[in-house]
Amino acid sequence: MATRYKGFSTQAGNRNFRLTDFDLIKQDILNHFNIRKGEKLMRPNFGTIIWNVLHEPFTEDLKSVITQDVKAIASYDPRVSFDNIIITEFDQGLQIELQLRYVLTNQTNVMLMNFNGTTNVLTAQSTAS
């Protein structure tokens with residue numbers, strides 16, 4: 001299959017800076033999660049609320065609000081759809097497991113994102129499912 005989407009990333013693990021197709025989409029989604037809602041100039045609704053609620057008690061209501069936020073971000077990109085979202089709490093933050101489906105090829109991938117409230121760092125890994 002020919003490459004449909006082309007882009008770049010300056011992340012340390014990407015030596016030639018080029019990303020294509022599903023890898024580019026996953027990086028775009030991670031970029032969205034790295035921005036606090038209201039932080040992007042001229043786009044106050046872009047970003048996530050997760051960074052602002054990491055130190056709040058993890059109640060069912062908060063879990064529901066975070067789930068809605070994650071769904072909105074996953075739905076923002078028309079190149080993918082999401083199949084499943086699992087949110088769990090760990091000692092220093094939240095872990096979100098997001099199962100994505102690449103619309104063009106029906107390929108699925110699970111992104112595991114850890115939002116660390118102590119270091120304010122988002123770490124992520126992804127695996128084909």
# chains A, B, ... in the order shown; residues from 1 in each chain; ligands from 1
>>> residues_around(residues="A:Gly93", least_positions_apart="4", cutoff="12 Å", atoms="only C-alpha atoms", output="ChimeraX atom specification")
/A:50-58,87-89,113-123
>>> select_by_dssp(residues="stretch 41-129 of chain A", states="helix (DSSP H, G or I)", output="list in words")
Ile50, Trp51, Asn52, Val53, Glu60, Asp61, Leu62, Lys63, Ser64, Val65, Ile66, Thr67, Gln68, Asp69, Val70, Lys71, Ala72, Ile73, Ala74, Ser75 and Tyr76 of chain A
>>> residues_around(residues="A:Ala72", least_positions_apart="3", cutoff="12 Å", atoms="only C-alpha atoms", output="number ranges by chain")
A: 29, 32-33, 45-49, 65-69, 75-78, 81-82, 85
>>> select_by_dssp(residues="chain A", states="strand (DSSP E)", output="PDB file with N, CA, C and O atoms, in the first residue's frame")
ATOM      1  N   LYS A   6       2.226  11.836   5.350  1.00  0.00           N
ATOM      2  CA  LYS A   6       3.647  12.056   5.602  1.00  0.00           C
ATOM      3  C   LYS A   6       3.799  13.206   6.577  1.00  0.00           C
ATOM      4  O   LYS A   6       3.041  14.169   6.543  1.00  0.00           O
ATOM      5  N   GLY A   7       4.770  13.086   7.451  1.00  0.00           N
ATOM      6  CA  GLY A   7       5.031  14.138   8.421  1.00  0.00           C
ATOM      7  C   GLY A   7       6.392  13.931   9.040  1.00  0.00           C
ATOM      8  O   GLY A   7       7.206  13.149   8.555  1.00  0.00           O
ATOM      9  N   PHE A   8       6.646  14.655  10.129  1.00  0.00           N
ATOM     10  CA  PHE A   8       7.919  14.506  10.809  1.00  0.00           C
ATOM     11  C   PHE A   8       7.734  14.637  12.306  1.00  0.00           C
ATOM     12  O   PHE A   8       6.724  15.135  12.787  1.00  0.00           O
ATOM     13  N   ARG A  18      11.273  11.447   9.929  1.00  0.00           N
ATOM     14  CA  ARG A  18      10.115  11.195   9.067  1.00  0.00           C
ATOM     15  C   ARG A  18       9.175  10.182   9.690  1.00  0.00           C
ATOM     16  O   ARG A  18       9.591   9.167  10.203  1.00  0.00           O
ATOM     17  N   LEU A  19       7.892  10.484   9.601  1.00  0.00           N
ATOM     18  CA  LEU A  19       6.854   9.556  10.029  1.00  0.00           C
ATOM     19  C   LEU A  19       5.825   9.456   8.920  1.00  0.00           C
ATOM     20  O   LEU A  19       5.586  10.426   8.203  1.00  0.00           O
ATOM     21  N   THR A  20       5.219   8.291   8.798  1.00  0.00           N
ATOM     22  CA  THR A  20       4.174   8.109   7.787  1.00  0.00           C
ATOM     23  C   THR A  20       3.008   7.323   8.374  1.00  0.00           C
ATOM     24  O   THR A  20       3.149   6.607   9.360  1.00  0.00           O
ATOM     25  N   VAL A  80      -8.529   7.967  12.259  1.00  0.00           N
ATOM     26  CA  VAL A  80      -8.640   6.819  13.162  1.00  0.00           C
ATOM     27  C   VAL A  80      -9.988   6.822  13.860  1.00  0.00           C
ATOM     28  O   VAL A  80     -10.655   7.841  13.956  1.00  0.00           O
ATOM     29  N   SER A  81     -10.348   5.648  14.327  1.00  0.00           N
ATOM     30  CA  SER A  81     -11.491   5.516  15.230  1.00  0.00           C
ATOM     31  C   SER A  81     -10.963   4.791  16.457  1.00  0.00           C
ATOM     32  O   SER A  81      -9.896   4.186  16.422  1.00  0.00           O
ATOM     33  N   PHE A  82     -11.691   4.872  17.557  1.00  0.00           N
ATOM     34  CA  PHE A  82     -11.230   4.154  18.746  1.00  0.00           C
ATOM     35  C   PHE A  82     -12.211   3.042  19.058  1.00  0.00           C
ATOM     36  O   PHE A  82     -13.411   3.166  18.854  1.00  0.00           O
ATOM     37  N   ASP A  83     -11.673   1.920  19.520  1.00  0.00           N
ATOM     38  CA  ASP A  83     -12.496   0.768  19.852  1.00  0.00           C
ATOM     39  C   ASP A  83     -12.715   0.620  21.352  1.00  0.00           C
ATOM     40  O   ASP A  83     -13.741   0.125  21.777  1.00  0.00           O
ATOM     41  N   ASN A  84     -11.718   1.044  22.145  1.00  0.00           N
ATOM     42  CA  ASN A  84     -11.808   0.811  23.578  1.00  0.00           C
ATOM     43  C   ASN A  84     -10.923   1.803  24.326  1.00  0.00           C
ATOM     44  O   ASN A  84      -9.864   2.181  23.834  1.00  0.00           O
ATOM     45  N   ILE A  85     -11.373   2.188  25.511  1.00  0.00           N
ATOM     46  CA  ILE A  85     -10.591   3.060  26.393  1.00  0.00           C
ATOM     47  C   ILE A  85     -10.649   2.467  27.790  1.00  0.00           C
ATOM     48  O   ILE A  85     -11.725   2.181  28.307  1.00  0.00           O
ATOM     49  N   ILE A  86      -9.471   2.288  28.398  1.00  0.00           N
ATOM     50  CA  ILE A  86      -9.393   1.808  29.779  1.00  0.00           C
ATOM     51  C   ILE A  86      -8.537   2.816  30.551  1.00  0.00           C
ATOM     52  O   ILE A  86      -7.409   3.108  30.150  1.00  0.00           O
ATOM     53  N   ILE A  87      -9.074   3.323  31.654  1.00  0.00           N
ATOM     54  CA  ILE A  87      -8.360   4.298  32.473  1.00  0.00           C
ATOM     55  C   ILE A  87      -8.147   3.695  33.852  1.00  0.00           C
ATOM     56  O   ILE A  87      -9.093   3.233  34.491  1.00  0.00           O
ATOM     57  N   THR A  88      -6.889   3.684  34.293  1.00  0.00           N
ATOM     58  CA  THR A  88      -6.564   3.175  35.617  1.00  0.00           C
ATOM     59  C   THR A  88      -5.652   4.162  36.328  1.00  0.00           C
ATOM     60  O   THR A  88      -4.924   4.926  35.695  1.00  0.00           O
ATOM     61  N   GLU A  89      -5.701   4.110  37.627  1.00  0.00           N
ATOM     62  CA  GLU A  89      -4.878   4.985  38.457  1.00  0.00           C
ATOM     63  C   GLU A  89      -3.641   4.220  38.901  1.00  0.00           C
ATOM     64  O   GLU A  89      -3.688   3.016  39.159  1.00  0.00           O
ATOM     65  N   PHE A  90      -2.493   4.905  38.960  1.00  0.00           N
ATOM     66  CA  PHE A  90      -1.311   4.319  39.591  1.00  0.00           C
ATOM     67  C   PHE A  90      -0.751   5.348  40.560  1.00  0.00           C
ATOM     68  O   PHE A  90      -1.263   6.471  40.637  1.00  0.00           O
ATOM     69  N   GLY A  93       0.021   8.833  39.050  1.00  0.00           N
ATOM     70  CA  GLY A  93      -0.782   9.427  37.996  1.00  0.00           C
ATOM     71  C   GLY A  93      -1.837   8.502  37.433  1.00  0.00           C
ATOM     72  O   GLY A  93      -2.404   7.676  38.140  1.00  0.00           O
ATOM     73  N   LEU A  94      -2.055   8.638  36.130  1.00  0.00           N
ATOM     74  CA  LEU A  94      -3.071   7.852  35.439  1.00  0.00           C
ATOM     75  C   LEU A  94      -2.471   7.126  34.242  1.00  0.00           C
ATOM     76  O   LEU A  94      -1.544   7.631  33.599  1.00  0.00           O
ATOM     77  N   GLN A  95      -3.033   5.964  33.959  1.00  0.00           N
ATOM     78  CA  GLN A  95      -2.654   5.207  32.775  1.00  0.00           C
ATOM     79  C   GLN A  95      -3.891   5.071  31.891  1.00  0.00           C
ATOM     80  O   GLN A  95      -4.967   4.721  32.376  1.00  0.00           O
ATOM     81  N   ILE A  96      -3.714   5.381  30.614  1.00  0.00           N
ATOM     82  CA  ILE A  96      -4.812   5.268  29.664  1.00  0.00           C
ATOM     83  C   ILE A  96      -4.411   4.302  28.568  1.00  0.00           C
ATOM     84  O   ILE A  96      -3.362   4.455  27.950  1.00  0.00           O
ATOM     85  N   GLU A  97      -5.246   3.298  28.383  1.00  0.00           N
ATOM     86  CA  GLU A  97      -5.059   2.341  27.296  1.00  0.00           C
ATOM     87  C   GLU A  97      -6.111   2.673  26.243  1.00  0.00           C
ATOM     88  O   GLU A  97      -7.306   2.630  26.511  1.00  0.00           O
ATOM     89  N   LEU A  98      -5.639   3.029  25.066  1.00  0.00           N
ATOM     90  CA  LEU A  98      -6.520   3.476  23.986  1.00  0.00           C
ATOM     91  C   LEU A  98      -6.313   2.582  22.770  1.00  0.00           C
ATOM     92  O   LEU A  98      -5.218   2.521  22.230  1.00  0.00           O
ATOM     93  N   GLN A  99      -7.351   1.857  22.394  1.00  0.00           N
ATOM     94  CA  GLN A  99      -7.264   0.999  21.216  1.00  0.00           C
ATOM     95  C   GLN A  99      -7.762   1.786  20.012  1.00  0.00           C
ATOM     96  O   GLN A  99      -8.911   2.205  19.948  1.00  0.00           O
ATOM     97  N   LEU A 100      -6.852   1.997  19.055  1.00  0.00           N
ATOM     98  CA  LEU A 100      -7.148   2.779  17.861  1.00  0.00           C
ATOM     99  C   LEU A 100      -7.264   1.878  16.638  1.00  0.00           C
ATOM    100  O   LEU A 100      -6.606   0.847  16.557  1.00  0.00           O
ATOM    101  N   ARG A 101      -8.065   2.313  15.689  1.00  0.00           N
ATOM    102  CA  ARG A 101      -8.213   1.607  14.417  1.00  0.00           C
ATOM    103  C   ARG A 101      -7.939   2.596  13.288  1.00  0.00           C
ATOM    104  O   ARG A 101      -8.585   3.624  13.182  1.00  0.00           O
ATOM    105  N   TYR A 102      -6.924   2.265  12.460  1.00  0.00           N
ATOM    106  CA  TYR A 102      -6.568   3.082  11.305  1.00  0.00           C
ATOM    107  C   TYR A 102      -7.635   2.867  10.242  1.00  0.00           C
ATOM    108  O   TYR A 102      -7.815   1.767   9.739  1.00  0.00           O
ATOM    109  N   GLN A 107      -6.326  -1.528  10.429  1.00  0.00           N
ATOM    110  CA  GLN A 107      -5.263  -1.973  11.332  1.00  0.00           C
ATOM    111  C   GLN A 107      -5.536  -1.423  12.729  1.00  0.00           C
ATOM    112  O   GLN A 107      -5.942  -0.276  12.883  1.00  0.00           O
ATOM    113  N   THR A 108      -5.345  -2.238  13.762  1.00  0.00           N
ATOM    114  CA  THR A 108      -5.552  -1.771  15.133  1.00  0.00           C
ATOM    115  C   THR A 108      -4.231  -1.682  15.868  1.00  0.00           C
ATOM    116  O   THR A 108      -3.262  -2.364  15.531  1.00  0.00           O
ATOM    117  N   ASN A 109      -4.220  -0.817  16.867  1.00  0.00           N
ATOM    118  CA  ASN A 109      -3.035  -0.586  17.659  1.00  0.00           C
ATOM    119  C   ASN A 109      -3.475  -0.131  19.037  1.00  0.00           C
ATOM    120  O   ASN A 109      -4.453   0.609  19.158  1.00  0.00           O
ATOM    121  N   VAL A 110      -2.774  -0.576  20.063  1.00  0.00           N
ATOM    122  CA  VAL A 110      -3.078  -0.157  21.427  1.00  0.00           C
ATOM    123  C   VAL A 110      -1.997   0.807  21.886  1.00  0.00           C
ATOM    124  O   VAL A 110      -0.811   0.488  21.861  1.00  0.00           O
ATOM    125  N   MET A 111      -2.430   2.002  22.266  1.00  0.00           N
ATOM    126  CA  MET A 111      -1.518   2.991  22.839  1.00  0.00           C
ATOM    127  C   MET A 111      -1.682   2.956  24.349  1.00  0.00           C
ATOM    128  O   MET A 111      -2.791   3.062  24.858  1.00  0.00           O
ATOM    129  N   LEU A 112      -0.582   2.794  25.037  1.00  0.00           N
ATOM    130  CA  LEU A 112      -0.572   2.800  26.493  1.00  0.00           C
ATOM    131  C   LEU A 112       0.134   4.072  26.930  1.00  0.00           C
ATOM    132  O   LEU A 112       1.331   4.243  26.672  1.00  0.00           O
ATOM    133  N   MET A 113      -0.604   4.981  27.551  1.00  0.00           N
ATOM    134  CA  MET A 113      -0.056   6.282  27.931  1.00  0.00           C
ATOM    135  C   MET A 113      -0.066   6.419  29.445  1.00  0.00           C
ATOM    136  O   MET A 113      -1.091   6.176  30.089  1.00  0.00           O
ATOM    137  N   ASN A 114       1.080   6.811  29.995  1.00  0.00           N
ATOM    138  CA  ASN A 114       1.202   7.044  31.431  1.00  0.00           C
ATOM    139  C   ASN A 114       1.404   8.532  31.671  1.00  0.00           C
ATOM    140  O   ASN A 114       2.395   9.110  31.227  1.00  0.00           O
ATOM    141  N   PHE A 115       0.455   9.131  32.395  1.00  0.00           N
ATOM    142  CA  PHE A 115       0.530  10.537  32.764  1.00  0.00           C
ATOM    143  C   PHE A 115       1.072  10.588  34.187  1.00  0.00           C
ATOM    144  O   PHE A 115       0.362  10.244  35.128  1.00  0.00           O
ATOM    145  N   ASN A 116       2.320  11.003  34.352  1.00  0.00           N
ATOM    146  CA  ASN A 116       2.959  11.022  35.656  1.00  0.00           C
ATOM    147  C   ASN A 116       2.763  12.392  36.293  1.00  0.00           C
ATOM    148  O   ASN A 116       3.253  13.394  35.791  1.00  0.00           O
ATOM    149  N   VAL A 121       5.235  14.256  33.101  1.00  0.00           N
ATOM    150  CA  VAL A 121       5.725  13.693  31.844  1.00  0.00           C
ATOM    151  C   VAL A 121       4.739  12.632  31.370  1.00  0.00           C
ATOM    152  O   VAL A 121       4.237  11.826  32.157  1.00  0.00           O
ATOM    153  N   LEU A 122       4.490  12.650  30.069  1.00  0.00           N
ATOM    154  CA  LEU A 122       3.673  11.620  29.433  1.00  0.00           C
ATOM    155  C   LEU A 122       4.610  10.655  28.735  1.00  0.00           C
ATOM    156  O   LEU A 122       5.409  11.048  27.899  1.00  0.00           O
ATOM    157  N   THR A 123       4.540   9.378  29.124  1.00  0.00           N
ATOM    158  CA  THR A 123       5.288   8.347  28.432  1.00  0.00           C
ATOM    159  C   THR A 123       4.278   7.450  27.726  1.00  0.00           C
ATOM    160  O   THR A 123       3.162   7.250  28.212  1.00  0.00           O
ATOM    161  N   ALA A 124       4.670   6.945  26.565  1.00  0.00           N
ATOM    162  CA  ALA A 124       3.735   6.138  25.796  1.00  0.00           C
ATOM    163  C   ALA A 124       4.457   5.016  25.081  1.00  0.00           C
ATOM    164  O   ALA A 124       5.638   5.132  24.737  1.00  0.00           O
ATOM    165  N   GLN A 125       3.723   3.962  24.869  1.00  0.00           N
ATOM    166  CA  GLN A 125       4.192   2.865  24.035  1.00  0.00           C
ATOM    167  C   GLN A 125       2.993   2.374  23.259  1.00  0.00           C
ATOM    168  O   GLN A 125       1.855   2.562  23.660  1.00  0.00           O
ATOM    169  N   SER A 126       3.267   1.771  22.128  1.00  0.00           N
ATOM    170  CA  SER A 126       2.146   1.260  21.334  1.00  0.00           C
ATOM    171  C   SER A 126       2.503  -0.100  20.779  1.00  0.00           C
ATOM    172  O   SER A 126       3.662  -0.391  20.499  1.00  0.00           O
ATOM    173  N   THR A 127       1.469  -0.924  20.687  1.00  0.00           N
ATOM    174  CA  THR A 127       1.656  -2.281  20.177  1.00  0.00           C
ATOM    175  C   THR A 127       0.524  -2.609  19.223  1.00  0.00           C
ATOM    176  O   THR A 127      -0.611  -2.165  19.414  1.00  0.00           O
ATOM    177  N   ALA A 128       0.837  -3.371  18.202  1.00  0.00           N
ATOM    178  CA  ALA A 128      -0.208  -3.838  17.283  1.00  0.00           C
ATOM    179  C   ALA A 128      -1.068  -4.843  18.029  1.00  0.00           C
ATOM    180  O   ALA A 128      -0.583  -5.613  18.841  1.00  0.00           O
TER     181      ALA A 128
END
>>> atom_distance(atom1="atom CA of A:Asn31", atom2="atom CA of A:Ser64")
22.2 Å
